[in-house]
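Below is one structure; the comments refer to it alone.
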Amino acid sequence: MTTEATRPSTSVSPTTRQVWTRARGVVLALVILLAAAIAIATVRSDAQHGRLDPRSADAYGSRAVAELLADRDVSTQVVTSLDDARNAAGPDTTLLVANPDLLTDRQQSRLHSAFTNSGGRTVLVAPGAPSIGTLAPGVTADPTPSYDSTLSPDCALPAAERAGTADTGGIRYTTTAPDADSCYSSDGLPTLLRVPAAKGDGDTVVVGAPDILYNDRLDEQGNASLALQLLGSRPHLVWYLPSLSDDTATDSGDRSFFDLIPSGWLWGTLQLFIAAALAALWRARRLGPLVPERLPVAIRASETVEGRARLYRKSNARDRASAALRSTTRTRLAPLVGVTPAQAHAPEALLPALSAHLRGDGQALHSLLFGPPPRDDAALIALADQLDALEREVRRS
């Protein structure tokens, strides 16, 4: 028994090695981006852990302030819901809002209405344009931040005078309240404001930066003195850490979906789009003119014609088959009788030239070259024979 020799593979599909060679640049870039993202996330997670939380002993936590206040008989209560913060309103309570910009418009309005005439103190830590107008009416945030971290009080507020220089540099504010205390100015605009309430002994304190509350900054400048005086004027301190899990945060008011997405995700998505565009340009520069490639096998023209004919027959597409035969015949006959290729398929141009060349019946030629589709396969075969005979006759004459 004889065995056939193994034939070489005729596949033109790329091999695994070729695919890896083409894609290794993109894969390497994605690995680098992923590693950088993990590294940045790890660093930022350590830095942001327990931020402004009086229970956290991290560098950016505020446990040191809470311990010092406890030594002065000031109790600190941490709340994460709006209802708990509103229920704590009273003349003997100081409310500290750690991140006012996280509050929705409705939350801001409800919180302000609870504390505006309660007689207590409200301390807003670095509020920006989204919240300052509601929580502290008459106060606006300047879009240009202060570039000086440590500032002098330069005001008559007793707490600021006793504390001296402090790290309040951050967001700067302007106010229309005539009896407001403006302290720690940077380029003429204060970074700390105390606005008395319209009724009672309450007030609102706006601090442009959270540095005076951080554990690692508390022992610098007059930060500890200023923080203790601002937060220790009442026997009870309610430390409000706004949370997205709060049921009242589901009402976003006029804020759109994109307003609820953290800015980091938006910047990350933009970077991904830029990376995809650069990768597309990098791959596109490899595109060039078509390069002829040897086919793995040679197929005779007769086999191609036969295969297409079988497809036509299988779908009963006699109309397309006859149209293809007639169109090809007209294209070949036109230059033989002096008709341009552009007019080869126009009966008024081709038929008179053919009739003059053959001295034949123009009506018969019209039916043969421009007639209706054949009714059956036999008529299609007869049409092919007639067209072949017509072409031979024209060539002979």
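Chain labels run A, B, ... following the order of the structure tokens; each chain numbers its residues from 1, and ligands are numbered from 1 in the order shown.
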
Which residues come within 9 Å of region 323-340 of chain A, counting only C-alpha atoms, excluding same-chain residues fewer than 6 positions away, as a PyMOL selection string?
chain A and resi 349-350+353-354+356-357+368-370+373+383-384+387-388+390-391+394-395

All residues 9 Å or closer to region 203-214 of chain A, only C-alpha atoms, same chain fewer than 5 positions away omitted, as a ChimeraX atom specification:
/A:51-52,58-65,98,116-117,119-128,132,135-136,145-146,149,166-173,190-198,219-220,222-224,226-227,230

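One finds CA of Thr93 (chain A) at 5.7 Å from CA of Leu237 (chain A).
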
With distances taken over only C-alpha atoms, which of A:Asp142, A:Asp377, A:Asp154, A:Asp73 is nearest to Cys183 (chain A)?
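Checking each candidate against Cys183 (chain A), we get A:Asp154 as the closest.
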
What does the distance from CA of Asp247 (chain A) to CA of Val97 (chain A) come to in Å, to one decimal?
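Taking CA of Asp247 (chain A) and CA of Val97 (chain A), their separation equals 17.5 Å.
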
Name the closest residue to Arg55 (chain A) among the candidates A:Trp267, A:Trp239, A:Trp282, A:Tyr312; distances are taken between atoms, counting only C-alpha atoms.
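Counting only C-alpha atoms, the residue closest to Arg55 (chain A) is A:Trp239.
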
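Distance-wise, CA of Asp83 (chain A) and CA of Thr248 (chain A) end up 8.4 Å apart.
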
DSSP alpha helix (DSSP H) residues within region 19-232 of chain A, as JSON, numbers by chain:
{"A": [19, 20, 21, 22, 23, 24, 25, 26, 27, 28, 29, 30, 31, 32, 33, 34, 35, 36, 37, 38, 39, 40, 41, 42, 43, 44, 45, 46, 47, 48, 63, 64, 65, 66, 67, 68, 69, 70, 71, 82, 83, 84, 85, 86, 87, 105, 106, 107, 108, 109, 110, 111, 112, 113, 114, 115, 129, 130, 131, 132, 133, 134, 135, 158, 159, 160, 161, 162, 163, 223, 224, 225, 226, 227, 228, 229, 230, 231]}

So which residues of region 144-270 of chain A fall under strand (DSSP E) by DSSP, listed as a list in words?
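In region 144-270 of chain A, DSSP puts these residues in strand (DSSP E): Tyr173, Thr174, Thr175, Asp181, Ser182, Cys183, Tyr184, Ser185, Ser186, Leu189, Pro190, Thr191, Leu192, Leu193, Arg194, Val195, Pro196, Asp203, Thr204, Val205, Val206, Val207, His236, Leu237, Val238, Trp239 and Tyr240 of chain A.
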
Compile the contact shell of Gly164 (chain A) as a ChimeraX atom specification: residues with an atom at most 8 Å away, counting only C-alpha atoms, same-chain residues fewer than 2 positions apart removed.
/A:152-153,160-162,166,221-222

Include C-alpha atoms and write out the residues we just selected as a PDB file, in the first residue's frame.
ATOM      1  CA  SER A 152      -1.578  86.142  57.823  1.00  0.00           C
ATOM      2  CA  PRO A 153      -4.975  86.876  59.413  1.00  0.00           C
ATOM      3  CA  ALA A 160      -7.739  84.485  63.705  1.00  0.00           C
ATOM      4  CA  GLU A 161      -5.803  87.077  65.750  1.00  0.00           C
ATOM      5  CA  ARG A 162      -4.940  84.521  68.426  1.00  0.00           C
ATOM      6  CA  ALA A 166      -2.238  79.540  59.211  1.00  0.00           C
ATOM      7  CA  GLN A 221       1.882  77.550  61.931  1.00  0.00           C
ATOM      8  CA  GLY A 222      -1.245  78.416  63.909  1.00  0.00           C
TER       9      GLY A 222
END

Skipping near chain neighbours, those fewer than 6 positions away, what residues fall within 8 Å of Ser81 (chain A) using only C-alpha atoms, listed as a list of chain:residue names?
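Within the cut-off, the hits are A:Tyr240, A:Leu241, A:Pro242, A:Ser243, A:Asp246, A:Asp247, A:Thr248.
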